[in-house]
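Structure record follows, encoded as structure tokens.
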Amino acid sequence: MLRSPAYSNHLSTNQQGSVIVEAAFVIPIFFLFIFGIIELGRLYWVRTSMQLAISEAGRHAMIHTEESNEAITSILESSIYSLDPDDFIVDITSENIGGINYKVINATYSYRFITHNLLSIDPITISYTSKFPILQ
């Protein structure tokens, strides 16, 4: 059966359904971009929260020179806002460099992505170390 030129011309100008096809390509990339921004923001927030908590514990150690490492760890864990202190590993050591005593506070956190079930992303380890002189 021969088709008329008017019928074939009608098929080439028909645009119905093209928006759905275009959206099927664009929407997954858009959501990946949005979730990436959210995850990077959360990652930065966790890192900044760790820095703040370690700084507060370090300032406490500088002023209260006779505090035990457990007490300093307790101060650090109470300064971590909206994060589970059980997910943190805190290591506090003492150093003497050039006759000056230092407390070295190291905290490690296992960061789990929001989308770890959806994208099978393994947790990453965030660590932050800071050294504080002990005033005597």
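Residues are named by chain letter and number: chains run A, B, ... in the order of the structure tokens, numbers start at 1 in each chain, and ligands are numbered from 1 in the order shown.
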Problem - Near-Phe88 in chain A list (6 Å; only C-alpha atoms; drop same-chain fewer than 2 positions) as a list in words - result: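 Listed by chain and then number, they are Pro85, Asp86, Thr108 and Tyr109 of chain A.
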Sel. of helix (DSSP H, G or I) residues, chain A, as a short mmCIF file (atom, residue, chain, number, x, y, z; two decimals) with all heavy atoms, in the first residue's frame:
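Heads up, here's the output in selection_17.cif:
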```
data_model
loop_
_atom_site.label_atom_id
_atom_site.label_comp_id
_atom_site.auth_asym_id
_atom_site.auth_seq_id
_atom_site.Cartn_x
_atom_site.Cartn_y
_atom_site.Cartn_z
N PRO A 5 2.15 11.46 0.14
CA PRO A 5 3.17 12.36 0.68
C PRO A 5 2.65 13.18 1.85
O PRO A 5 3.40 13.52 2.76
CB PRO A 5 3.55 13.25 -0.49
CG PRO A 5 3.08 12.56 -1.71
CD PRO A 5 1.97 11.66 -1.31
N ALA A 6 1.39 13.48 1.90
CA ALA A 6 0.83 14.26 3.01
C ALA A 6 0.89 13.46 4.31
O ALA A 6 1.14 14.02 5.38
CB ALA A 6 -0.60 14.67 2.70
N TYR A 7 0.69 12.14 4.23
CA TYR A 7 0.72 11.30 5.43
C TYR A 7 2.14 11.21 6.00
O TYR A 7 2.35 11.33 7.20
CB TYR A 7 0.18 9.90 5.10
CG TYR A 7 0.18 8.97 6.28
CD1 TYR A 7 -0.78 9.11 7.27
CD2 TYR A 7 1.14 7.97 6.41
CE1 TYR A 7 -0.78 8.26 8.37
CE2 TYR A 7 1.15 7.13 7.48
CZ TYR A 7 0.18 7.27 8.47
OH TYR A 7 0.18 6.44 9.55
N SER A 8 3.15 11.00 5.18
CA SER A 8 4.52 10.90 5.66
C SER A 8 5.02 12.25 6.17
O SER A 8 5.81 12.31 7.09
CB SER A 8 5.45 10.38 4.56
OG SER A 8 5.48 11.29 3.50
N ASN A 9 4.56 13.33 5.60
CA ASN A 9 4.93 14.66 6.08
C ASN A 9 4.32 14.90 7.48
O ASN A 9 4.93 15.52 8.33
CB ASN A 9 4.47 15.72 5.09
CG ASN A 9 5.08 17.08 5.39
OD1 ASN A 9 6.06 17.16 6.11
ND2 ASN A 9 4.49 18.12 4.82
N HIS A 10 3.15 14.38 7.72
CA HIS A 10 2.48 14.51 9.01
C HIS A 10 3.27 13.78 10.11
O HIS A 10 3.40 14.28 11.22
CB HIS A 10 1.05 13.95 8.92
CG HIS A 10 0.35 13.90 10.25
ND1 HIS A 10 -0.06 15.04 10.91
CD2 HIS A 10 0.00 12.85 11.03
CE1 HIS A 10 -0.64 14.68 12.05
NE2 HIS A 10 -0.62 13.36 12.14
N LEU A 11 3.85 12.64 9.80
CA LEU A 11 4.63 11.90 10.79
C LEU A 11 5.92 12.62 11.15
O LEU A 11 6.37 12.59 12.29
CB LEU A 11 4.96 10.50 10.26
CG LEU A 11 3.83 9.49 10.26
CD1 LEU A 11 4.32 8.17 9.67
CD2 LEU A 11 3.31 9.28 11.66
N SER A 12 6.55 13.27 10.22
CA SER A 12 7.81 13.94 10.50
C SER A 12 7.63 15.22 11.32
O SER A 12 8.56 15.69 11.95
CB SER A 12 8.56 14.24 9.21
OG SER A 12 7.83 15.17 8.44
N THR A 13 6.44 15.79 11.33
CA THR A 13 6.20 17.00 12.10
C THR A 13 5.48 16.73 13.41
O THR A 13 5.29 17.64 14.20
CB THR A 13 5.37 18.00 11.28
OG1 THR A 13 4.13 17.40 10.92
CG2 THR A 13 6.13 18.45 10.05
N SER A 18 7.65 13.75 22.62
CA SER A 18 9.08 14.09 22.63
C SER A 18 9.51 14.67 23.97
O SER A 18 10.65 14.49 24.40
CB SER A 18 9.40 15.07 21.50
OG SER A 18 8.73 16.30 21.70
N VAL A 19 8.61 15.34 24.66
CA VAL A 19 8.94 15.91 25.97
C VAL A 19 9.23 14.79 26.97
O VAL A 19 10.14 14.89 27.78
CB VAL A 19 7.80 16.83 26.46
CG1 VAL A 19 8.04 17.29 27.88
CG2 VAL A 19 7.66 18.02 25.54
N ILE A 20 8.46 13.73 26.90
CA ILE A 20 8.66 12.60 27.82
C ILE A 20 10.03 11.97 27.58
O ILE A 20 10.73 11.63 28.53
CB ILE A 20 7.55 11.55 27.62
CG1 ILE A 20 6.21 12.16 27.87
CG2 ILE A 20 7.82 10.32 28.44
CD1 ILE A 20 5.64 11.99 29.23
N VAL A 21 10.40 11.80 26.35
CA VAL A 21 11.69 11.20 26.02
C VAL A 21 12.82 12.10 26.50
O VAL A 21 13.81 11.63 27.09
CB VAL A 21 11.79 10.93 24.50
CG1 VAL A 21 13.19 10.47 24.13
CG2 VAL A 21 10.76 9.90 24.08
N GLU A 22 12.71 13.40 26.27
CA GLU A 22 13.74 14.32 26.72
C GLU A 22 13.83 14.33 28.26
O GLU A 22 14.93 14.36 28.82
CB GLU A 22 13.44 15.73 26.21
CG GLU A 22 13.62 15.86 24.71
CD GLU A 22 13.11 17.19 24.18
OE1 GLU A 22 12.65 18.03 24.98
OE2 GLU A 22 13.19 17.39 22.95
N ALA A 23 12.69 14.31 28.92
CA ALA A 23 12.68 14.29 30.39
C ALA A 23 13.31 13.01 30.93
O ALA A 23 13.97 13.04 31.97
CB ALA A 23 11.26 14.45 30.90
N ALA A 24 13.13 11.91 30.25
CA ALA A 24 13.71 10.65 30.70
C ALA A 24 15.24 10.71 30.69
O ALA A 24 15.90 10.04 31.48
CB ALA A 24 13.23 9.50 29.81
N PHE A 25 15.81 11.52 29.81
CA PHE A 25 17.26 11.69 29.79
C PHE A 25 17.74 12.73 30.81
O PHE A 25 18.80 12.58 31.41
CB PHE A 25 17.73 12.12 28.39
CG PHE A 25 17.68 11.01 27.38
CD1 PHE A 25 16.79 11.05 26.33
CD2 PHE A 25 18.54 9.93 27.49
CE1 PHE A 25 16.74 10.02 25.39
CE2 PHE A 25 18.51 8.90 26.56
CZ PHE A 25 17.61 8.95 25.51
N VAL A 26 16.98 13.78 31.01
CA VAL A 26 17.43 14.91 31.82
C VAL A 26 17.17 14.71 33.31
O VAL A 26 18.01 15.06 34.15
CB VAL A 26 16.76 16.21 31.32
CG1 VAL A 26 17.05 17.37 32.25
CG2 VAL A 26 17.22 16.53 29.92
N ILE A 27 16.04 14.14 33.70
CA ILE A 27 15.66 14.04 35.11
C ILE A 27 16.67 13.24 35.94
O ILE A 27 17.04 13.68 37.04
CB ILE A 27 14.21 13.51 35.25
CG1 ILE A 27 13.25 14.61 34.84
CG2 ILE A 27 13.92 13.05 36.67
CD1 ILE A 27 11.80 14.21 34.83
N PRO A 28 17.16 12.08 35.52
CA PRO A 28 18.15 11.39 36.35
C PRO A 28 19.43 12.19 36.58
O PRO A 28 19.98 12.20 37.68
CB PRO A 28 18.45 10.10 35.57
CG PRO A 28 17.28 9.90 34.69
CD PRO A 28 16.77 11.25 34.37
N ILE A 29 19.88 12.90 35.57
CA ILE A 29 21.08 13.73 35.70
C ILE A 29 20.80 14.88 36.66
O ILE A 29 21.64 15.22 37.50
CB ILE A 29 21.54 14.23 34.32
CG1 ILE A 29 21.98 13.05 33.47
CG2 ILE A 29 22.66 15.25 34.45
CD1 ILE A 29 22.21 13.36 32.03
N PHE A 30 19.62 15.47 36.56
CA PHE A 30 19.24 16.57 37.45
C PHE A 30 19.22 16.10 38.90
O PHE A 30 19.76 16.78 39.78
CB PHE A 30 17.86 17.11 37.04
CG PHE A 30 17.32 18.14 37.97
CD1 PHE A 30 17.84 19.43 37.97
CD2 PHE A 30 16.29 17.84 38.85
CE1 PHE A 30 17.35 20.38 38.84
CE2 PHE A 30 15.79 18.79 39.71
CZ PHE A 30 16.32 20.07 39.70
N PHE A 31 18.60 14.95 39.19
CA PHE A 31 18.54 14.45 40.56
C PHE A 31 19.92 14.05 41.08
O PHE A 31 20.23 14.25 42.25
CB PHE A 31 17.56 13.28 40.68
CG PHE A 31 16.13 13.74 40.78
CD1 PHE A 31 15.21 13.36 39.83
CD2 PHE A 31 15.72 14.56 41.82
CE1 PHE A 31 13.90 13.78 39.91
CE2 PHE A 31 14.41 14.99 41.91
CZ PHE A 31 13.49 14.60 40.95
N LEU A 32 20.76 13.51 40.22
CA LEU A 32 22.12 13.18 40.62
C LEU A 32 22.88 14.45 41.02
O LEU A 32 23.61 14.48 42.01
CB LEU A 32 22.83 12.45 39.48
CG LEU A 32 24.22 11.93 39.77
CD1 LEU A 32 24.17 10.85 40.85
CD2 LEU A 32 24.84 11.37 38.50
N PHE A 33 22.70 15.49 40.27
CA PHE A 33 23.33 16.79 40.57
C PHE A 33 22.82 17.33 41.90
O PHE A 33 23.61 17.77 42.75
CB PHE A 33 23.03 17.76 39.42
CG PHE A 33 23.63 19.12 39.60
CD1 PHE A 33 24.99 19.31 39.49
CD2 PHE A 33 22.82 20.21 39.88
CE1 PHE A 33 25.55 20.56 39.65
CE2 PHE A 33 23.36 21.46 40.04
CZ PHE A 33 24.72 21.64 39.93
N ILE A 34 21.51 17.31 42.12
CA ILE A 34 20.93 17.83 43.37
C ILE A 34 21.41 17.02 44.57
O ILE A 34 21.82 17.58 45.60
CB ILE A 34 19.39 17.83 43.29
CG1 ILE A 34 18.91 18.81 42.22
CG2 ILE A 34 18.76 18.14 44.64
CD1 ILE A 34 19.27 20.25 42.48
N PHE A 35 21.36 15.69 44.49
CA PHE A 35 21.83 14.86 45.60
C PHE A 35 23.33 15.04 45.85
O PHE A 35 23.79 14.98 46.98
CB PHE A 35 21.50 13.38 45.37
CG PHE A 35 20.08 13.03 45.66
CD1 PHE A 35 19.30 12.40 44.71
CD2 PHE A 35 19.52 13.31 46.90
CE1 PHE A 35 17.98 12.08 44.97
CE2 PHE A 35 18.20 13.00 47.18
CZ PHE A 35 17.43 12.38 46.21
N GLY A 36 24.09 15.27 44.80
CA GLY A 36 25.52 15.54 44.97
C GLY A 36 25.77 16.81 45.75
O GLY A 36 26.64 16.86 46.62
N ILE A 37 25.00 17.85 45.45
CA ILE A 37 25.14 19.11 46.20
C ILE A 37 24.76 18.91 47.65
O ILE A 37 25.46 19.39 48.56
CB ILE A 37 24.28 20.21 45.54
CG1 ILE A 37 24.88 20.61 44.20
CG2 ILE A 37 24.15 21.42 46.46
CD1 ILE A 37 24.02 21.55 43.40
N ILE A 38 23.69 18.18 47.91
CA ILE A 38 23.25 17.92 49.29
C ILE A 38 24.32 17.13 50.04
O ILE A 38 24.66 17.45 51.19
CB ILE A 38 21.90 17.19 49.30
CG1 ILE A 38 20.80 18.13 48.81
CG2 ILE A 38 21.57 16.66 50.69
CD1 ILE A 38 19.48 17.45 48.54
N GLU A 39 24.87 16.11 49.43
CA GLU A 39 25.89 15.28 50.09
C GLU A 39 27.16 16.07 50.37
O GLU A 39 27.76 15.93 51.44
CB GLU A 39 26.22 14.05 49.25
CG GLU A 39 25.14 13.01 49.20
CD GLU A 39 24.90 12.30 50.51
OE1 GLU A 39 25.62 12.52 51.50
OE2 GLU A 39 23.94 11.51 50.56
N LEU A 40 27.60 16.90 49.44
CA LEU A 40 28.79 17.71 49.68
C LEU A 40 28.55 18.71 50.80
O LEU A 40 29.44 18.97 51.61
CB LEU A 40 29.22 18.42 48.40
CG LEU A 40 29.89 17.54 47.36
CD1 LEU A 40 30.18 18.34 46.11
CD2 LEU A 40 31.16 16.93 47.91
N GLY A 41 27.35 19.26 50.87
CA GLY A 41 27.00 20.16 51.97
C GLY A 41 27.02 19.46 53.31
O GLY A 41 27.55 19.98 54.30
N ARG A 42 26.47 18.25 53.37
CA ARG A 42 26.49 17.47 54.62
C ARG A 42 27.92 17.10 55.01
O ARG A 42 28.29 17.16 56.18
CB ARG A 42 25.67 16.18 54.47
CG ARG A 42 24.19 16.38 54.54
CD ARG A 42 23.44 15.05 54.53
NE ARG A 42 23.78 14.26 55.70
CZ ARG A 42 24.30 13.03 55.66
NH1 ARG A 42 24.52 12.44 54.52
NH2 ARG A 42 24.56 12.38 56.77
N LEU A 43 28.71 16.71 54.04
CA LEU A 43 30.10 16.34 54.29
C LEU A 43 30.88 17.53 54.86
O LEU A 43 31.63 17.40 55.83
CB LEU A 43 30.75 15.84 53.00
CG LEU A 43 32.15 15.29 53.07
CD1 LEU A 43 32.17 14.01 53.91
CD2 LEU A 43 32.65 14.99 51.67
N TYR A 44 30.69 18.70 54.28
CA TYR A 44 31.34 19.90 54.77
C TYR A 44 30.87 20.24 56.18
O TYR A 44 31.65 20.65 57.03
CB TYR A 44 31.07 21.06 53.80
CG TYR A 44 31.76 22.33 54.18
CD1 TYR A 44 33.13 22.49 53.99
CD2 TYR A 44 31.06 23.40 54.74
CE1 TYR A 44 33.77 23.66 54.35
CE2 TYR A 44 31.69 24.57 55.10
CZ TYR A 44 33.04 24.68 54.90
OH TYR A 44 33.68 25.84 55.26
N TRP A 45 29.56 20.07 56.44
CA TRP A 45 29.00 20.36 57.76
C TRP A 45 29.60 19.42 58.81
O TRP A 45 29.94 19.86 59.92
CB TRP A 45 27.49 20.23 57.71
CG TRP A 45 26.84 20.44 59.02
CD1 TRP A 45 26.67 21.61 59.70
CD2 TRP A 45 26.29 19.42 59.85
NE1 TRP A 45 26.04 21.38 60.88
CE2 TRP A 45 25.80 20.05 61.01
CE3 TRP A 45 26.17 18.04 59.73
CZ2 TRP A 45 25.19 19.35 62.02
CZ3 TRP A 45 25.56 17.34 60.75
CH2 TRP A 45 25.07 18.00 61.88
N VAL A 46 29.73 18.14 58.51
CA VAL A 46 30.32 17.19 59.46
C VAL A 46 31.76 17.55 59.74
O VAL A 46 32.20 17.56 60.89
CB VAL A 46 30.20 15.73 58.93
CG1 VAL A 46 31.05 14.78 59.73
CG2 VAL A 46 28.75 15.28 58.95
N ARG A 47 32.51 17.87 58.72
CA ARG A 47 33.92 18.25 58.89
C ARG A 47 34.04 19.51 59.76
O ARG A 47 34.88 19.58 60.65
CB ARG A 47 34.55 18.46 57.51
CG ARG A 47 35.92 19.07 57.53
CD ARG A 47 36.98 18.04 57.59
NE ARG A 47 38.25 18.72 57.32
CZ ARG A 47 39.38 18.34 57.81
NH1 ARG A 47 39.42 17.27 58.54
NH2 ARG A 47 40.47 18.99 57.56
N THR A 48 33.21 20.50 59.51
CA THR A 48 33.24 21.73 60.29
C THR A 48 32.81 21.47 61.73
O THR A 48 33.38 22.05 62.66
CB THR A 48 32.33 22.79 59.63
OG1 THR A 48 32.75 22.97 58.28
CG2 THR A 48 32.41 24.12 60.36
N SER A 49 31.82 20.60 61.93
CA SER A 49 31.40 20.25 63.30
C SER A 49 32.54 19.57 64.05
O SER A 49 32.73 19.82 65.25
CB SER A 49 30.19 19.33 63.26
OG SER A 49 29.09 19.99 62.70
N MET A 50 33.28 18.71 63.37
CA MET A 50 34.43 18.06 64.00
C MET A 50 35.48 19.09 64.39
O MET A 50 36.04 19.04 65.50
CB MET A 50 35.06 17.03 63.07
CG MET A 50 34.26 15.78 62.91
SD MET A 50 34.98 14.65 61.71
CE MET A 50 36.57 14.31 62.44
N GLN A 51 35.77 20.04 63.51
CA GLN A 51 36.76 21.07 63.81
C GLN A 51 36.33 21.90 65.02
O GLN A 51 37.15 22.20 65.89
CB GLN A 51 36.95 21.98 62.60
CG GLN A 51 37.69 21.35 61.47
CD GLN A 51 37.76 22.27 60.25
OE1 GLN A 51 36.94 23.16 60.07
NE2 GLN A 51 38.74 22.01 59.40
N LEU A 52 35.07 22.26 65.08
CA LEU A 52 34.57 23.05 66.20
C LEU A 52 34.69 22.28 67.50
O LEU A 52 35.15 22.81 68.52
CB LEU A 52 33.11 23.45 65.95
CG LEU A 52 32.43 24.17 67.11
CD1 LEU A 52 33.06 25.54 67.32
CD2 LEU A 52 30.95 24.28 66.86
N ALA A 53 34.30 21.01 67.50
CA ALA A 53 34.36 20.20 68.72
C ALA A 53 35.79 20.01 69.19
O ALA A 53 36.08 20.10 70.39
CB ALA A 53 33.68 18.86 68.48
N ILE A 54 36.70 19.76 68.26
CA ILE A 54 38.11 19.58 68.64
C ILE A 54 38.69 20.90 69.15
O ILE A 54 39.44 20.90 70.13
CB ILE A 54 38.92 19.03 67.45
CG1 ILE A 54 38.55 17.57 67.22
CG2 ILE A 54 40.41 19.17 67.68
CD1 ILE A 54 39.19 16.94 66.01
N SER A 55 38.31 22.01 68.56
CA SER A 55 38.79 23.31 69.04
C SER A 55 38.30 23.60 70.45
O SER A 55 39.05 24.09 71.30
CB SER A 55 38.34 24.42 68.09
OG SER A 55 38.95 24.28 66.85
N GLU A 56 37.03 23.29 70.73
CA GLU A 56 36.50 23.52 72.07
C GLU A 56 37.19 22.62 73.09
O GLU A 56 37.54 23.06 74.19
CB GLU A 56 35.00 23.31 72.09
CG GLU A 56 34.25 24.42 71.39
CD GLU A 56 32.75 24.26 71.48
OE1 GLU A 56 32.26 23.48 72.32
OE2 GLU A 56 32.06 24.94 70.71
N ALA A 57 37.41 21.36 72.74
CA ALA A 57 38.10 20.45 73.65
C ALA A 57 39.55 20.89 73.85
O ALA A 57 40.08 20.81 74.96
CB ALA A 57 38.04 19.02 73.12
N GLY A 58 40.19 21.36 72.80
CA GLY A 58 41.57 21.83 72.91
C GLY A 58 41.70 23.07 73.77
O GLY A 58 42.63 23.19 74.57
N ARG A 59 40.77 24.00 73.63
CA ARG A 59 40.79 25.19 74.48
C ARG A 59 40.59 24.80 75.95
O ARG A 59 41.24 25.35 76.83
CB ARG A 59 39.72 26.19 74.03
CG ARG A 59 40.11 26.96 72.81
CD ARG A 59 39.16 28.10 72.53
NE ARG A 59 37.82 27.65 72.17
CZ ARG A 59 37.44 27.38 70.95
NH1 ARG A 59 38.30 27.50 69.95
NH2 ARG A 59 36.21 26.99 70.69
N HIS A 60 39.72 23.85 76.18
CA HIS A 60 39.50 23.36 77.54
C HIS A 60 40.79 22.73 78.09
O HIS A 60 41.16 22.95 79.24
CB HIS A 60 38.35 22.36 77.57
CG HIS A 60 38.04 21.84 78.92
ND1 HIS A 60 37.25 22.54 79.81
CD2 HIS A 60 38.43 20.72 79.56
CE1 HIS A 60 37.16 21.86 80.93
NE2 HIS A 60 37.86 20.74 80.81
N ALA A 61 41.48 21.96 77.26
CA ALA A 61 42.72 21.31 77.70
C ALA A 61 43.81 22.34 77.96
O ALA A 61 44.64 22.14 78.86
CB ALA A 61 43.18 20.31 76.64
N MET A 62 43.83 23.42 77.20
CA MET A 62 44.84 24.46 77.41
C MET A 62 44.66 25.15 78.76
O MET A 62 45.64 25.50 79.43
CB MET A 62 44.77 25.51 76.28
CG MET A 62 45.34 25.04 74.98
SD MET A 62 45.06 26.13 73.56
CE MET A 62 45.47 27.72 74.17
N ILE A 63 43.42 25.37 79.15
CA ILE A 63 43.15 26.08 80.40
C ILE A 63 43.22 25.15 81.61
O ILE A 63 43.80 25.48 82.64
CB ILE A 63 41.78 26.77 80.32
CG1 ILE A 63 41.82 27.85 79.25
CG2 ILE A 63 41.39 27.37 81.66
CD1 ILE A 63 40.48 28.43 78.90
N ASN A 69 42.60 12.69 79.81
CA ASN A 69 42.19 12.54 78.41
C ASN A 69 40.73 12.14 78.29
O ASN A 69 40.05 12.52 77.33
CB ASN A 69 43.09 11.52 77.71
CG ASN A 69 44.48 12.04 77.49
OD1 ASN A 69 44.75 13.23 77.66
ND2 ASN A 69 45.40 11.16 77.13
N GLU A 70 40.22 11.38 79.25
CA GLU A 70 38.81 10.98 79.24
C GLU A 70 37.91 12.19 79.41
O GLU A 70 36.85 12.29 78.78
CB GLU A 70 38.52 9.93 80.32
CG GLU A 70 39.14 8.57 80.05
CD GLU A 70 40.63 8.52 80.39
OE1 GLU A 70 41.11 9.37 81.17
OE2 GLU A 70 41.32 7.64 79.85
N ALA A 71 38.31 13.13 80.29
CA ALA A 71 37.51 14.33 80.50
C ALA A 71 37.52 15.20 79.24
O ALA A 71 36.49 15.79 78.87
CB ALA A 71 38.03 15.12 81.69
N ILE A 72 38.66 15.29 78.57
CA ILE A 72 38.75 16.06 77.33
C ILE A 72 37.90 15.41 76.24
O ILE A 72 37.20 16.09 75.48
CB ILE A 72 40.22 16.21 76.89
CG1 ILE A 72 40.99 17.02 77.94
CG2 ILE A 72 40.32 16.87 75.52
CD1 ILE A 72 42.48 17.03 77.75
N THR A 73 37.92 14.09 76.18
CA THR A 73 37.08 13.36 75.22
C THR A 73 35.61 13.62 75.50
O THR A 73 34.81 13.79 74.58
CB THR A 73 37.37 11.85 75.28
OG1 THR A 73 38.75 11.64 74.97
CG2 THR A 73 36.52 11.08 74.30
N SER A 74 35.24 13.67 76.77
CA SER A 74 33.86 13.97 77.15
C SER A 74 33.45 15.36 76.69
O SER A 74 32.33 15.55 76.20
CB SER A 74 33.71 13.83 78.66
OG SER A 74 32.48 14.32 79.08
N ILE A 75 34.34 16.33 76.84
CA ILE A 75 34.07 17.69 76.36
C ILE A 75 33.88 17.68 74.85
O ILE A 75 32.95 18.31 74.31
CB ILE A 75 35.22 18.65 76.75
CG1 ILE A 75 35.35 18.77 78.25
CG2 ILE A 75 35.05 20.01 76.10
CD1 ILE A 75 34.22 19.49 78.93
N LEU A 76 34.73 16.97 74.15
CA LEU A 76 34.63 16.89 72.68
C LEU A 76 33.31 16.26 72.27
O LEU A 76 32.62 16.78 71.39
CB LEU A 76 35.80 16.08 72.13
CG LEU A 76 35.95 16.07 70.61
CD1 LEU A 76 37.42 16.06 70.25
CD2 LEU A 76 35.28 14.88 69.99
N GLU A 77 32.92 15.18 72.90
CA GLU A 77 31.68 14.49 72.51
C GLU A 77 30.45 15.33 72.83
O GLU A 77 29.45 15.25 72.13
CB GLU A 77 31.61 13.13 73.19
CG GLU A 77 32.60 12.13 72.61
CD GLU A 77 32.60 10.80 73.33
OE1 GLU A 77 31.98 10.69 74.42
OE2 GLU A 77 33.23 9.87 72.81
N SER A 78 30.52 16.15 73.89
CA SER A 78 29.37 17.00 74.20
C SER A 78 29.30 18.21 73.25
O SER A 78 28.28 18.86 73.17
CB SER A 78 29.44 17.47 75.65
OG SER A 78 30.52 18.34 75.84
N PRO A 85 27.82 10.73 68.92
CA PRO A 85 29.20 10.64 69.43
C PRO A 85 29.76 9.22 69.37
O PRO A 85 30.98 9.05 69.35
CB PRO A 85 29.09 11.10 70.88
CG PRO A 85 27.79 11.80 70.99
CD PRO A 85 26.91 11.25 69.92
N ASP A 86 28.89 8.22 69.30
CA ASP A 86 29.38 6.84 69.22
C ASP A 86 30.03 6.54 67.87
O ASP A 86 30.78 5.58 67.75
CB ASP A 86 28.23 5.86 69.47
CG ASP A 86 27.68 5.97 70.88
OD1 ASP A 86 28.45 6.39 71.78
OD2 ASP A 86 26.50 5.65 71.07
N ASP A 87 29.74 7.36 66.86
CA ASP A 87 30.35 7.17 65.54
C ASP A 87 31.75 7.78 65.45
O ASP A 87 32.41 7.63 64.44
CB ASP A 87 29.47 7.78 64.45
CG ASP A 87 28.18 7.00 64.25
OD1 ASP A 87 28.13 5.83 64.66
OD2 ASP A 87 27.22 7.57 63.69
N HIS A 116 23.34 5.95 50.26
CA HIS A 116 24.20 4.76 50.23
C HIS A 116 23.43 3.49 49.86
O HIS A 116 23.99 2.59 49.25
CB HIS A 116 24.93 4.58 51.57
CG HIS A 116 24.06 4.17 52.70
ND1 HIS A 116 23.33 5.08 53.44
CD2 HIS A 116 23.80 2.96 53.23
CE1 HIS A 116 22.66 4.44 54.38
NE2 HIS A 116 22.92 3.17 54.27
N ASN A 117 22.15 3.40 50.20
CA ASN A 117 21.37 2.21 49.81
C ASN A 117 21.01 2.25 48.33
O ASN A 117 21.00 1.22 47.66
CB ASN A 117 20.10 2.12 50.64
CG ASN A 117 20.37 1.76 52.07
OD1 ASN A 117 21.39 1.14 52.38
ND2 ASN A 117 19.49 2.15 52.96
N LEU A 118 20.74 3.42 47.83
CA LEU A 118 20.32 3.57 46.43
C LEU A 118 21.48 3.38 45.46
O LEU A 118 21.35 2.70 44.44
CB LEU A 118 19.70 4.96 46.24
CG LEU A 118 19.17 5.30 44.86
CD1 LEU A 118 18.01 4.39 44.50
CD2 LEU A 118 18.75 6.76 44.81
N LEU A 119 22.64 3.95 45.80
CA LEU A 119 23.77 3.92 44.88
C LEU A 119 24.90 2.99 45.31
O LEU A 119 25.94 2.96 44.67
CB LEU A 119 24.32 5.34 44.71
CG LEU A 119 23.34 6.37 44.15
CD1 LEU A 119 23.97 7.75 44.15
CD2 LEU A 119 22.89 5.99 42.77
#
```
Handout entry: Neighbour list for Arg112 in chain A as an NGL selection string, cut-off 8 Å, only C-alpha atoms, skip fewer than 5 positions in-chain
Key = :A and (122-124)
Completion exercise
What separates CA of His64 in chain A and CA of Gly98 in chain A is a distance of 21.2 Å
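Scanning range 40-98 of chain A with DSSP on the backbone, the strand (DSSP E) assignments fall on Phe88, Ile89, Val90, Asp91, Ile92, Thr93, Ser94, Glu95, Asn96 and Ile97 of chain A.
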Could those residues be written to a file, using N, CA and C atoms, as a PDB file, in the first residue's frame?
```
ATOM      1  N   PHE A  88      32.167   8.486  66.484  1.00  0.00           N
ATOM      2  CA  PHE A  88      33.475   9.130  66.492  1.00  0.00           C
ATOM      3  C   PHE A  88      34.487   8.270  67.227  1.00  0.00           C
ATOM      4  N   ILE A  89      35.696   8.267  66.730  1.00  0.00           N
ATOM      5  CA  ILE A  89      36.831   7.656  67.419  1.00  0.00           C
ATOM      6  C   ILE A  89      37.765   8.801  67.764  1.00  0.00           C
ATOM      7  N   VAL A  90      38.004   8.992  69.057  1.00  0.00           N
ATOM      8  CA  VAL A  90      38.821  10.104  69.523  1.00  0.00           C
ATOM      9  C   VAL A  90      40.090   9.541  70.131  1.00  0.00           C
ATOM     10  N   ASP A  91      41.217  10.111  69.723  1.00  0.00           N
ATOM     11  CA  ASP A  91      42.517   9.707  70.244  1.00  0.00           C
ATOM     12  C   ASP A  91      43.240  10.966  70.717  1.00  0.00           C
ATOM     13  N   ILE A  92      43.623  10.980  71.991  1.00  0.00           N
ATOM     14  CA  ILE A  92      44.319  12.131  72.556  1.00  0.00           C
ATOM     15  C   ILE A  92      45.679  11.661  73.053  1.00  0.00           C
ATOM     16  N   THR A  93      46.724  12.327  72.588  1.00  0.00           N
ATOM     17  CA  THR A  93      48.082  12.002  73.018  1.00  0.00           C
ATOM     18  C   THR A  93      48.768  13.279  73.488  1.00  0.00           C
ATOM     19  N   SER A  94      49.876  13.109  74.188  1.00  0.00           N
ATOM     20  CA  SER A  94      50.681  14.239  74.649  1.00  0.00           C
ATOM     21  C   SER A  94      52.024  14.204  73.940  1.00  0.00           C
ATOM     22  N   GLU A  95      52.537  15.380  73.623  1.00  0.00           N
ATOM     23  CA  GLU A  95      53.845  15.509  72.980  1.00  0.00           C
ATOM     24  C   GLU A  95      54.625  16.609  73.685  1.00  0.00           C
ATOM     25  N   ASN A  96      55.928  16.487  73.650  1.00  0.00           N
ATOM     26  CA  ASN A  96      56.798  17.535  74.158  1.00  0.00           C
ATOM     27  C   ASN A  96      57.762  17.897  73.035  1.00  0.00           C
ATOM     28  N   ILE A  97      57.611  19.112  72.524  1.00  0.00           N
ATOM     29  CA  ILE A  97      58.453  19.573  71.430  1.00  0.00           C
ATOM     30  C   ILE A  97      59.140  20.860  71.882  1.00  0.00           C
TER      31      ILE A  97
END
```
